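Colleague: Contents of coords-v7.cif (mmCIF, C-alpha atoms) are given next:
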```cif
data_model
loop_
_atom_site.label_atom_id
_atom_site.label_comp_id
_atom_site.auth_asym_id
_atom_site.auth_seq_id
_atom_site.Cartn_x
_atom_site.Cartn_y
_atom_site.Cartn_z
CA MET A 339 118.42 128.34 71.24
CA ASP A 340 117.31 131.47 69.49
CA LYS A 341 119.72 133.30 67.30
CA LEU A 342 120.21 136.98 66.72
CA LYS A 343 119.70 138.30 63.21
CA PHE A 344 122.69 140.56 62.98
CA GLU A 345 123.36 143.11 60.27
CA ILE A 346 125.91 145.88 60.07
CA VAL A 347 125.70 148.47 57.30
CA THR A 348 127.62 151.58 56.42
CA ALA A 349 126.60 154.23 53.90
CA GLU A 350 128.87 152.45 51.40
CA ARG A 351 128.01 148.80 51.86
CA LEU A 352 126.53 145.95 53.78
CA LEU A 353 129.47 144.72 55.81
CA TYR A 354 128.17 141.61 57.53
CA SER A 355 124.86 139.87 57.79
CA ASP A 356 124.19 136.55 59.50
CA ASP A 357 122.43 134.78 62.36
CA VAL A 358 124.76 134.91 65.34
CA ASP A 359 124.83 133.82 68.98
CA ILE A 360 126.25 136.91 70.62
CA VAL A 361 127.15 140.46 69.70
CA ILE A 362 129.62 142.50 71.72
CA ALA A 363 129.39 146.18 70.85
CA PRO A 364 131.06 149.40 72.02
CA GLY A 365 128.09 151.42 73.30
CA VAL A 366 128.65 155.00 74.42
CA GLN A 367 128.08 153.89 77.99
CA GLY A 368 130.47 151.00 77.77
CA GLU A 369 130.95 147.63 76.18
CA MET A 370 127.76 145.64 75.92
CA GLY A 371 127.15 141.97 75.24
CA ILE A 372 123.88 141.19 73.50
CA LEU A 373 122.26 137.78 73.67
CA PRO A 374 119.01 136.62 72.12
CA SER A 375 115.76 137.85 73.73
CA HIS A 376 117.33 141.14 74.65
CA ALA A 377 114.94 144.00 75.40
CA PRO A 378 114.42 146.56 72.61
CA LEU A 379 117.21 149.09 72.71
CA LEU A 380 118.58 151.99 70.76
CA THR A 381 122.05 153.24 71.52
CA MET A 382 124.81 155.34 70.04
CA LEU A 383 128.16 153.70 69.50
CA GLN A 384 131.63 154.96 70.20
CA PRO A 385 134.74 154.06 68.20
CA GLY A 386 135.65 150.54 69.15
CA GLU A 387 135.67 146.87 68.45
CA LEU A 388 132.51 145.02 67.61
CA VAL A 389 132.65 141.25 67.88
CA VAL A 390 130.10 138.70 66.81
CA ARG A 391 130.29 135.03 67.65
CA LYS A 392 128.59 132.28 65.72
CA GLY A 393 129.29 128.85 67.13
CA SER A 394 133.05 128.78 67.56
CA GLU A 395 133.63 131.29 64.81
CA GLU A 396 134.40 134.83 65.85
CA THR A 397 134.42 137.92 63.64
CA ALA A 398 135.89 141.22 64.77
CA MET A 399 135.09 144.55 63.22
CA PHE A 400 136.03 148.14 63.82
CA VAL A 401 133.26 150.75 64.02
CA SER A 402 133.95 154.46 64.24
CA GLY A 403 130.53 155.31 65.64
CA GLY A 404 126.89 155.13 64.68
CA PHE A 405 123.80 153.50 66.10
CA LEU A 406 122.72 150.08 67.24
CA GLU A 407 119.14 148.92 67.39
CA ILE A 408 117.79 145.81 69.04
CA MET A 409 114.27 144.83 68.15
CA GLN A 410 112.86 141.32 68.60
CA ASN A 411 116.11 139.40 68.16
CA ARG A 412 117.15 141.61 65.31
CA VAL A 413 120.33 143.59 65.85
CA THR A 414 121.00 146.33 63.34
CA VAL A 415 124.12 148.48 63.35
CA LEU A 416 124.12 151.69 61.34
CA ALA A 417 127.81 152.47 61.35
CA ASP A 418 129.46 155.70 60.24
CA THR A 419 132.36 153.67 58.97
CA ALA A 420 133.19 150.07 59.69
CA GLU A 421 135.64 147.46 58.51
CA ARG A 422 136.61 143.94 59.36
CA ALA A 423 139.69 143.64 61.54
CA GLU A 424 141.69 142.01 58.74
CA GLU A 425 140.80 144.85 56.36
CA ILE A 426 142.22 147.60 58.53
CA ASP A 427 144.91 149.57 56.78
CA ILE A 428 147.50 149.78 59.55
CA ALA A 429 149.78 152.15 57.70
CA ARG A 430 146.95 154.58 57.12
CA ALA A 431 145.80 154.41 60.71
CA GLU A 432 149.38 155.10 61.87
CA VAL A 433 149.54 158.15 59.65
CA ALA A 434 146.20 159.39 60.96
CA LYS A 435 147.42 158.84 64.52
CA GLY A 436 150.61 160.78 63.89
CA ARG A 437 148.68 163.62 62.29
CA ALA A 438 146.20 163.84 65.15
CA GLU A 439 148.98 163.77 67.74
CA ALA A 440 150.87 166.51 65.95
CA ARG A 441 147.75 168.63 65.89
CA LEU A 442 147.17 168.18 69.59
CA ARG A 443 150.84 168.84 70.45
CA ASP A 444 151.42 172.12 68.69
CA HIS A 445 147.84 173.22 68.51
CA VAL A 446 147.30 176.16 66.24
CA PRO A 447 144.45 178.37 67.49
CA GLU A 448 142.25 177.86 64.44
CA MET A 449 142.60 174.08 64.68
CA ASP A 450 139.60 172.26 66.03
CA LEU A 451 140.88 170.48 69.12
CA ALA A 452 137.82 168.36 69.68
CA ARG A 453 138.02 166.99 66.17
CA ALA A 454 141.69 166.16 66.52
CA GLU A 455 140.98 164.32 69.75
CA VAL A 456 138.24 162.29 68.13
CA ALA A 457 140.54 161.51 65.21
CA LEU A 458 143.27 160.37 67.58
CA LYS A 459 140.92 158.13 69.49
CA ARG A 460 139.59 156.64 66.27
CA SER A 461 143.03 155.81 64.94
CA LEU A 462 144.15 154.36 68.28
CA VAL A 463 141.17 152.07 68.50
CA ARG A 464 141.56 151.05 64.90
CA LEU A 465 145.16 150.07 65.56
CA LYS A 466 144.21 148.21 68.70
CA VAL A 467 141.58 146.19 66.88
CA ALA A 468 143.96 145.38 64.07
CA GLU A 469 146.77 144.40 66.40
CA ARG A 470 144.69 142.21 68.67
CA ARG A 471 143.41 140.22 65.72
CA ARG A 472 146.85 139.70 64.27
CA LYS A 473 148.57 138.39 67.37
CA PRO A 474 147.43 134.78 67.18
CA LYS A 475 148.88 134.60 63.70
CA SER A 476 152.18 136.30 64.55
CA GLY A 477 154.09 133.05 64.05
CA LEU A 478 153.10 133.23 60.42
CA GLY A 479 154.53 136.68 60.05
CA GLY A 480 151.25 138.50 60.53
CA ALA A 481 152.76 141.06 62.89
CA GLN A 482 155.86 141.73 60.88
CA GLY A 483 156.97 145.29 60.54
CA LEU A 484 155.09 146.54 63.59
CA MET B 1080 113.40 162.38 -6.93
CA ALA B 1081 116.15 163.92 -4.85
CA THR B 1082 119.34 164.71 -6.60
CA ILE B 1083 122.39 162.63 -5.96
CA ARG B 1084 124.19 165.48 -4.24
CA GLU B 1085 121.31 166.08 -1.83
CA ILE B 1086 121.25 162.45 -0.83
CA ARG B 1087 124.97 162.40 -0.30
CA ARG B 1088 124.70 165.45 1.94
CA ARG B 1089 121.90 163.84 3.94
CA ILE B 1090 123.95 160.71 4.51
CA LYS B 1091 126.90 162.72 5.80
CA SER B 1092 124.74 164.66 8.21
CA VAL B 1093 123.00 161.59 9.60
CA GLN B 1094 126.36 159.88 10.01
CA ASN B 1095 127.61 162.84 11.99
CA THR B 1096 124.57 162.72 14.23
CA ALA B 1097 125.20 159.03 14.82
CA LYS B 1098 128.76 159.82 15.83
CA VAL B 1099 127.56 162.36 18.40
CA THR B 1100 124.90 160.09 19.87
CA LYS B 1101 127.39 157.22 19.98
CA ALA B 1102 129.81 159.38 21.94
CA MET B 1103 127.05 160.42 24.33
CA GLU B 1104 126.05 156.82 24.74
CA MET B 1105 129.56 155.89 25.75
CA VAL B 1106 129.88 158.76 28.21
CA ALA B 1107 126.53 157.87 29.77
CA ALA B 1108 127.50 154.19 29.92
CA SER B 1109 130.63 154.84 31.95
CA LYS B 1110 128.86 157.27 34.27
CA MET B 1111 126.00 154.82 34.56
CA ARG B 1112 128.19 152.00 35.76
CA ARG B 1113 129.66 154.11 38.54
CA ALA B 1114 126.30 155.59 39.50
CA GLN B 1115 124.67 152.17 39.61
CA GLU B 1116 127.41 150.77 41.83
CA ARG B 1117 127.11 153.65 44.23
CA THR B 1118 123.36 153.34 44.37
CA MET B 1119 123.31 149.62 44.99
CA ALA B 1120 125.97 149.99 47.67
CA ALA B 1121 124.02 152.70 49.47
CA ARG B 1122 120.73 150.82 49.46
CA PRO B 1123 121.19 148.53 52.49
CA TYR B 1124 122.01 151.47 54.76
CA ALA B 1125 119.06 153.51 53.57
CA GLU B 1126 116.70 150.57 54.00
CA LYS B 1127 117.97 149.70 57.48
CA MET B 1128 117.76 153.32 58.52
CA GLN B 1129 114.12 153.41 57.40
CA GLN B 1130 113.39 150.28 59.37
CA VAL B 1131 114.94 151.65 62.56
CA LEU B 1132 113.05 154.90 62.16
CA ALA B 1133 109.79 153.05 61.54
CA ASP B 1134 110.27 151.11 64.79
CA LEU B 1135 111.03 154.34 66.52
CA ALA B 1136 107.98 156.11 65.15
CA ALA B 1137 105.77 153.24 66.29
CA GLN B 1138 106.71 153.97 69.89
CA HIS B 1139 105.97 157.63 69.76
CA ARG B 1140 102.62 157.33 68.14
CA SER B 1141 101.09 158.90 71.22
CA GLY B 1142 102.65 162.19 70.15
CA GLU B 1143 105.08 162.69 72.98
CA GLU B 1144 107.23 165.72 72.53
CA VAL B 1145 110.44 163.77 72.20
CA HIS B 1146 111.75 165.34 69.06
CA PRO B 1147 110.28 167.82 66.59
CA LEU B 1148 110.98 165.55 63.63
CA LEU B 1149 108.80 162.81 65.11
CA GLN B 1150 105.76 165.05 65.49
CA GLN B 1151 102.65 164.22 63.56
CA ARG B 1152 100.43 167.20 62.94
CA GLU B 1153 97.28 168.00 61.11
CA VAL B 1154 98.38 168.59 57.53
CA ASN B 1155 98.08 172.23 56.48
CA ARG B 1156 100.95 172.39 54.05
CA ILE B 1157 102.92 169.78 52.18
CA ALA B 1158 106.49 170.07 51.01
CA LEU B 1159 107.50 168.22 47.89
CA ILE B 1160 111.11 167.59 47.01
CA HIS B 1161 111.21 167.04 43.28
CA ILE B 1162 114.40 165.40 42.05
CA THR B 1163 115.10 165.56 38.32
CA PRO B 1164 118.10 165.65 35.99
CA ASP B 1165 119.77 168.89 34.96
CA ARG B 1166 119.90 167.83 31.34
CA GLY B 1167 117.54 166.21 28.91
CA LEU B 1168 118.21 163.66 26.19
CA CYS B 1169 117.31 160.83 28.47
CA GLY B 1170 114.21 159.44 26.85
CA GLY B 1171 110.93 159.62 28.69
CA LEU B 1172 112.47 159.92 32.14
CA VAL B 1173 111.79 163.60 32.73
CA ALA B 1174 108.30 163.45 31.27
CA ASN B 1175 107.43 160.44 33.44
CA ILE B 1176 108.57 161.94 36.70
CA ASN B 1177 106.91 165.27 35.95
CA ARG B 1178 103.66 163.56 35.07
CA SER B 1179 103.66 161.54 38.27
CA VAL B 1180 104.28 164.72 40.29
CA ALA B 1181 101.61 166.66 38.44
CA SER B 1182 98.94 164.11 39.23
CA PHE B 1183 100.05 164.04 42.86
CA ILE B 1184 99.79 167.82 43.12
CA LEU B 1185 96.32 167.80 41.58
CA GLU B 1186 95.11 165.23 44.10
CA GLN B 1187 96.07 167.28 47.14
CA ASN B 1188 93.68 169.74 48.69
CA VAL B 1189 96.23 171.57 50.82
CA PRO B 1190 98.84 174.04 49.59
CA ILE B 1191 102.13 172.61 48.38
CA THR B 1192 105.60 174.07 48.64
CA THR B 1193 108.17 172.58 46.32
CA VAL B 1194 111.90 172.21 46.65
CA VAL B 1195 113.38 171.36 43.28
CA VAL B 1196 116.61 169.56 42.57
CA GLY B 1197 117.70 169.67 38.94
CA ARG B 1198 116.94 172.10 36.13
CA LYS B 1199 114.28 170.01 34.44
CA GLY B 1200 112.13 169.95 37.54
CA ARG B 1201 112.65 173.63 38.21
CA ASP B 1202 111.54 174.54 34.70
CA PHE B 1203 108.50 172.33 35.09
CA MET B 1204 107.48 173.91 38.40
CA ASN B 1205 108.00 177.42 37.05
CA ARG B 1206 105.95 176.64 33.97
CA SER B 1207 103.08 175.23 35.97
CA GLY B 1208 103.18 178.12 38.43
CA GLN B 1209 103.98 176.13 41.58
CA GLU B 1210 105.49 177.83 44.58
CA VAL B 1211 109.19 177.01 44.65
CA ARG B 1212 110.78 177.30 48.08
CA ALA B 1213 114.30 176.57 46.91
CA GLU B 1214 116.09 175.21 43.90
CA PHE B 1215 119.27 173.22 43.65
CA THR B 1216 120.82 172.71 40.26
CA GLN B 1217 124.25 171.65 39.04
CA LEU B 1218 124.75 169.03 41.72
CA GLY B 1219 126.79 167.11 39.19
CA ASP B 1220 127.15 163.39 38.62
CA ARG B 1221 128.88 162.61 41.88
CA PRO B 1222 127.49 164.80 44.63
CA SER B 1223 128.95 164.31 48.10
CA ILE B 1224 126.90 164.34 51.24
CA VAL B 1225 128.12 167.89 51.89
CA ASP B 1226 126.52 169.08 48.64
CA ILE B 1227 123.07 168.07 49.75
CA GLN B 1228 123.27 169.47 53.27
CA PRO B 1229 121.54 172.73 52.30
CA ILE B 1230 118.55 170.69 51.16
CA THR B 1231 118.52 168.80 54.43
CA HIS B 1232 118.66 172.05 56.40
CA ILE B 1233 115.67 173.52 54.63
CA VAL B 1234 113.61 170.41 55.18
CA ILE B 1235 114.51 170.08 58.84
CA ASP B 1236 114.07 173.78 59.62
CA ASP B 1237 110.73 174.09 57.89
CA TYR B 1238 109.40 170.93 59.48
CA THR B 1239 110.63 171.89 62.93
CA ASN B 1240 109.15 175.37 62.65
CA GLY B 1241 105.81 174.01 61.56
CA LEU B 1242 105.87 175.64 58.13
CA ILE B 1243 105.27 172.23 56.59
CA ASP B 1244 103.55 169.21 58.07
CA GLU B 1245 104.45 166.50 55.58
CA VAL B 1246 107.44 166.01 53.32
CA TYR B 1247 107.22 163.99 50.13
CA VAL B 1248 110.06 163.12 47.80
CA SER B 1249 109.56 162.45 44.13
CA TYR B 1250 112.42 160.77 42.35
CA THR B 1251 113.15 158.10 39.79
CA ARG B 1252 114.02 154.81 41.40
CA PHE B 1253 116.61 152.76 39.60
CA VAL B 1254 115.26 149.26 38.88
CA ASN B 1255 117.66 148.17 36.18
CA THR B 1256 119.28 149.65 33.10
CA MET B 1257 116.15 149.31 31.02
CA ASN B 1258 113.66 150.24 33.70
CA GLN B 1259 113.37 153.26 36.00
CA GLN B 1260 110.35 153.90 38.15
CA PRO B 1261 108.98 157.32 39.14
CA VAL B 1262 108.34 157.17 42.88
CA LEU B 1263 106.55 159.39 45.37
CA TRP B 1264 107.57 158.64 48.91
CA ARG B 1265 106.72 160.24 52.23
CA LEU B 1266 109.89 161.11 54.09
CA LEU B 1267 108.30 162.83 57.08
CA PRO B 1268 106.56 162.05 59.28
CA VAL B 1269 107.99 158.55 59.35
CA GLU B 1270 105.53 155.74 58.67
CA PRO B 1271 105.45 153.63 61.85
CA THR B 1272 105.90 149.86 61.80
CA ALA B 1273 102.77 147.90 62.53
CA ILE B 1274 103.13 146.40 65.97
CA GLU B 1275 101.25 143.35 67.13
CA PRO B 1276 99.43 143.96 70.37
CA GLY B 1277 101.01 142.68 73.55
CA GLN B 1278 104.58 143.01 72.38
CA ASN B 1279 107.10 144.81 74.47
CA VAL B 1280 108.52 147.43 72.18
CA GLU B 1281 109.57 150.20 74.53
CA TYR B 1282 113.14 151.02 73.70
CA ILE B 1283 115.85 151.41 76.24
CA TYR B 1284 117.81 154.44 75.09
CA GLU B 1285 121.49 154.92 75.73
CA PRO B 1286 122.52 157.50 76.75
CA SER B 1287 119.03 159.09 76.72
CA PRO B 1288 116.12 159.42 74.30
CA ALA B 1289 116.75 163.11 73.70
CA GLU B 1290 120.42 162.60 72.89
CA VAL B 1291 119.94 159.59 70.65
CA LEU B 1292 117.11 161.19 68.70
CA ALA B 1293 118.91 164.49 68.31
CA GLU B 1294 121.72 162.59 66.60
CA LEU B 1295 119.68 160.09 64.69
CA LEU B 1296 116.83 162.06 63.14
CA PRO B 1297 118.78 164.74 61.25
CA ARG B 1298 121.08 162.01 60.05
CA PHE B 1299 118.10 160.02 58.83
CA VAL B 1300 116.84 162.91 56.69
CA GLU B 1301 120.31 163.54 55.31
CA LYS B 1302 121.15 159.94 54.47
CA GLU B 1303 117.77 159.19 52.93
CA LEU B 1304 117.86 162.29 50.74
CA TYR B 1305 121.38 161.46 49.67
CA HIS B 1306 120.40 157.95 48.77
CA VAL B 1307 117.36 159.12 46.81
CA ILE B 1308 119.55 161.50 44.81
CA LEU B 1309 121.93 158.65 44.03
CA GLU B 1310 118.99 156.62 42.77
CA ALA B 1311 117.93 159.51 40.57
CA ILE B 1312 121.40 159.89 39.08
CA ALA B 1313 121.71 156.20 38.32
CA SER B 1314 118.30 156.32 36.64
CA GLU B 1315 119.20 159.39 34.63
CA GLN B 1316 122.43 157.95 33.28
CA SER B 1317 120.80 154.61 32.47
CA ALA B 1318 117.92 156.29 30.67
CA ARG B 1319 120.31 158.48 28.74
CA MET B 1320 122.46 155.58 27.68
CA VAL B 1321 119.47 153.64 26.42
CA ALA B 1322 118.04 156.69 24.63
CA MET B 1323 121.35 157.44 22.95
CA ARG B 1324 121.81 153.84 21.93
CA SER B 1325 118.45 153.75 20.19
CA ALA B 1326 119.19 157.13 18.59
CA THR B 1327 122.43 155.68 17.20
CA ASP B 1328 120.62 152.60 15.95
CA ASN B 1329 117.98 154.72 14.26
CA ALA B 1330 120.59 156.88 12.60
CA LYS B 1331 122.35 153.80 11.25
CA GLU B 1332 119.08 152.52 9.85
CA ILE B 1333 118.43 155.82 8.09
CA VAL B 1334 121.94 155.78 6.64
CA GLU B 1335 121.29 152.31 5.25
CA GLU B 1336 118.05 153.35 3.61
CA LEU B 1337 119.60 156.49 2.19
CA THR B 1338 122.55 154.55 0.82
CA LEU B 1339 120.17 152.23 -0.94
CA THR B 1340 118.29 155.14 -2.53
CA TYR B 1341 121.59 156.77 -3.41
CA ASN B 1342 122.79 153.69 -5.24
CA LYS B 1343 119.52 153.31 -7.10
CA VAL B 1344 119.55 156.93 -8.25
CA ARG B 1345 123.16 156.63 -9.31
CA GLN B 1346 122.51 153.46 -11.25
CA GLU B 1347 119.54 155.07 -13.00
CA MET B 1348 121.75 157.94 -14.03
CA VAL B 1349 124.43 155.66 -15.40
CA THR B 1350 121.83 153.66 -17.31
CA LYS B 1351 120.34 156.82 -18.77
CA GLU B 1352 123.73 158.09 -19.91
CA LEU B 1353 124.57 154.73 -21.44
CA LEU B 1354 121.30 154.70 -23.31
CA ASP B 1355 122.03 158.21 -24.56
CA ILE B 1356 125.44 157.13 -25.89
CA VAL B 1357 124.10 153.95 -27.44
CA GLY B 1358 121.26 155.95 -29.00
CA GLY B 1359 123.73 158.52 -30.35
CA VAL B 1360 125.98 155.84 -31.89
CA ALA B 1361 122.97 154.14 -33.50
CA ALA B 1362 121.83 157.46 -34.95
CA LEU B 1363 125.27 158.11 -36.42
CA GLY B 1364 125.50 154.62 -37.92
#
```
Represent the structure contained in this file as structure tokens.
Modeller:
Amino acid sequence: MDKLKFEIVTAERLLYSDDVDIVIAPGVQGEMGILPSHAPLLTMLQPGELVVRKGSEETAMFVSGGFLEIMQNRVTVLADTAERAEEIDIARAEVAKGRAEARLRDHVPEMDLARAEVALKRSLVRLKVAERRRKPKSGLGGAQGL
Amino acid sequence: MATIREIRRRIKSVQNTAKVTKAMEMVAASKMRRAQERTMAARPYAEKMQQVLADLAAQHRSGEEVHPLLQQREVNRIALIHITPDRGLCGGLVANINRSVASFILEQNVPITTVVVGRKGRDFMNRSGQEVRAEFTQLGDRPSIVDIQPITHIVIDDYTNGLIDEVYVSYTRFVNTMNQQPVLWRLLPVEPTAIEPGQNVEYIYEPSPAEVLAELLPRFVEKELYHVILEAIASEQSARMVAMRSATDNAKEIVEELTLTYNKVRQEMVTKELLDIVGGVAALG
């Protein structure tokens, strides 16, 4: 069967590049699964989990937004920021979550509410992605301290 | 023949110059490493972005009014973004990029507006009497994307308002430490990908073409300009390091030659004095 040439880049680096079987991406209009021979498509992404599967191997990544293009079995993600699930800095995401929540709770007039909401959503999704990927390993102490 | 004191003074002064160029070499080397890393890291994104935009442009060849930045018009005025260093002492880099731009300007038969980044380019444009729309100097060695937003705004506004119909960027592409290439590249309108006939290439847009393009196109201009400036900085620091290294080497060579002359002159003097003494003793005896 055909494969998808998948690449995900951020302004700082090339995060992942390989031929894969399926890509599951968080489009703005909902989760989408992309298989080979997909029609050409250009979509914006929302903060969420992006999963690619190659054979039995599965890689999960967090994207904070950006664009995804499909063109002749080539899937390109231009992410604003992105990291592999195992790279996520949980402590930092927790701090960001706390900060965003505090801003929404006692909102000062000059504070940008929309931005705080986006920040909150981003940190929540980041945590969710990190947590989900750690669970299978919890017996080995992966989820310690949570 | 120069006197011994003059030679000694010369040696001192050349040694001091070597110290300065050595220091500059080391500063440039450390900046260069960081700049090169940043440039290489930013390349995949910039290249992918170009590819996506090229695909996109291929679909709107017909000139649909989807987004002002995708319009292709008859060319009445060209904008040229000229990216140069603020400072010299970087070998032939500035001269090369200015020469490549000059021949480009001479080839065009429509008026050109320039936007200059960096003092060297500004001085060049002023000297040659080109119209300068805006100048940006003192961006520093590590500009952030926020620093270049004013440039992006000018380009997008002028293009959208039809003041300019093509945008070119001239910068020095970083190849490796020894080699930097002056490049002239058309930023807008985007060069479409060649599409083989009979292929289905109509995009499905989510949420809608207007929304996607309104987000994507300004970001394209911004990210590409940012990347190009990173390339220019990496080139500048590399060129400066190499230039300063060869200046240091040259200075050392001169010191060696001067030391040799100095020793010869000194020896001659000693010999002469000895002869005088020997002659004097012989005369007395």
Colleague: Near chain B, which residues of chain A fall within 8 Å when you count all atoms listed in the file, and what do they look like as a list in words?
Modeller: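 Per the criterion, chain A yields Val347, Thr348, Ala349, Glu350, Arg351, Leu352, Gly365, Val366, Gln367, Ala377, Pro378, Leu379, Leu380, Thr381, Met382, Phe405, Glu407, Met409, Thr414 and Leu416 of chain A.
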Colleague: Here is a test: counting all atoms listed in the file, which residue of A:Gln384, A:Asp450, A:Val467, A:Arg422 is nearest to Met399 (chain A)?
Modeller: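 Smallest separation from Met399 (chain A) among the options: A:Arg422.
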Colleague: Might you pull out every residue within 7 Å of region 1328-1339 of chain B, with all atoms listed in the file counted and same-chain residues fewer than 4 positions away left off, and present them as a list in words?
Modeller: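 Contacts, in chain order: Ile1086, Ile1090, Val1093, Gln1094, Ala1097, Arg1324 and Lys1343 of chain B.
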Colleague: Name the residues that the PyMOL selection byres ((chain A and resi 430) around 12) pulls out of this structure, and write them as an NGL selection string.
Modeller: :A and (425-429 or 431-437 or 460-462 or 464-465 or 468)
Colleague: Quick one: apply the PyMOL selection byres ((chain A and resi 388-393) around 10) to the file and drop the selected residues here as a ChimeraX atom specification.
Modeller: /A:341-342,344,354,356-365,369-372,383,385-387,394-401,420-423,467
Colleague: If the PyMOL selection byres ((chain A and resi 375) around 6) is run on the structure shown, which residues does it catch, given as a list in words?
Modeller: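 Here the PyMOL selection byres ((chain A and resi 375) around 6) matches Pro374, His376 and Asn411 of chain A.
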Colleague: I'd like the interatomic distance between CA of Val1194 (chain B) and CA of Leu1309 (chain B), to a tenth of an Å.
Modeller: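 Distance between the two atoms: 17.1 Å.
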Colleague: Show me, as a VMD selection string, the residues that have an atom within 12 Å of region 1156-1158 of chain B when counting all atoms listed in the file, minus same-chain residues fewer than 2 positions from it.
Modeller: chain B and resid 1152 to 1154 1160 to 1161 1183 to 1184 1187 to 1195 1209 to 1213 1233 to 1235 1237 to 1238 1241 to 1249 1264 to 1268
Colleague: So the first atom is CA of Leu442 (chain A) and the second is CA of Val456 (chain A); what is the distance between them in Å, to one decimal place?
Modeller: 10.8 Å
Colleague: Compare B:Gly1219, B:His1232, B:Asp1355, B:Val1344 by their minimum atom-to-atom distance to Ala1114 (chain B), counting all atoms listed in the file, and give me the closest one.
Modeller: B:Gly1219
Colleague: Around all of region 1113-1122 of chain B's listed atoms, make the axis-aligned box with 8 Å on each side and tell me centre and edge lengths in Å to one decimal, as JSON.
Modeller:
```
{"center_x": 125.2, "center_y": 152.6, "center_z": 44.0, "size_x": 24.9, "size_y": 22.0, "size_z": 26.9}
```
Colleague: Would you mind reading off the distance between CA of Asp1220 (chain B) and CA of Lys1110 (chain B), one decimal, in Å?
Modeller: 7.7 Å
Colleague: Neighbours of Met1257 (chain B) within 12 Å (only C-alpha atoms; same-chain residues fewer than 3 positions away dropped), as a list in words?
Modeller: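 Once the nearby chain positions are removed, what remains is Met1111, Cys1169, Gly1170, Gly1171, Leu1172, Arg1252, Phe1253, Val1254, Gln1260, Ala1313, Ser1314, Glu1315, Gln1316, Ser1317, Ala1318, Arg1319, Met1320, Val1321, Ala1322, Arg1324 and Ser1325 of chain B.
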Colleague: Using the selection just defined, write its residues with C-alpha atoms as a PDB file, in the frame of the given file.
Modeller:
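And here is the file that came out, selection.pdb:
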```
ATOM      1  CA  MET B1111     126.000 154.820  34.560  1.00  0.00           C
ATOM      2  CA  CYS B1169     117.310 160.830  28.470  1.00  0.00           C
ATOM      3  CA  GLY B1170     114.210 159.440  26.850  1.00  0.00           C
ATOM      4  CA  GLY B1171     110.930 159.620  28.690  1.00  0.00           C
ATOM      5  CA  LEU B1172     112.470 159.920  32.140  1.00  0.00           C
ATOM      6  CA  ARG B1252     114.020 154.810  41.400  1.00  0.00           C
ATOM      7  CA  PHE B1253     116.610 152.760  39.600  1.00  0.00           C
ATOM      8  CA  VAL B1254     115.260 149.260  38.880  1.00  0.00           C
ATOM      9  CA  GLN B1260     110.350 153.900  38.150  1.00  0.00           C
ATOM     10  CA  ALA B1313     121.710 156.200  38.320  1.00  0.00           C
ATOM     11  CA  SER B1314     118.300 156.320  36.640  1.00  0.00           C
ATOM     12  CA  GLU B1315     119.200 159.390  34.630  1.00  0.00           C
ATOM     13  CA  GLN B1316     122.430 157.950  33.280  1.00  0.00           C
ATOM     14  CA  SER B1317     120.800 154.610  32.470  1.00  0.00           C
ATOM     15  CA  ALA B1318     117.920 156.290  30.670  1.00  0.00           C
ATOM     16  CA  ARG B1319     120.310 158.480  28.740  1.00  0.00           C
ATOM     17  CA  MET B1320     122.460 155.580  27.680  1.00  0.00           C
ATOM     18  CA  VAL B1321     119.470 153.640  26.420  1.00  0.00           C
ATOM     19  CA  ALA B1322     118.040 156.690  24.630  1.00  0.00           C
ATOM     20  CA  ARG B1324     121.810 153.840  21.930  1.00  0.00           C
ATOM     21  CA  SER B1325     118.450 153.750  20.190  1.00  0.00           C
TER      22      SER B1325
END
```
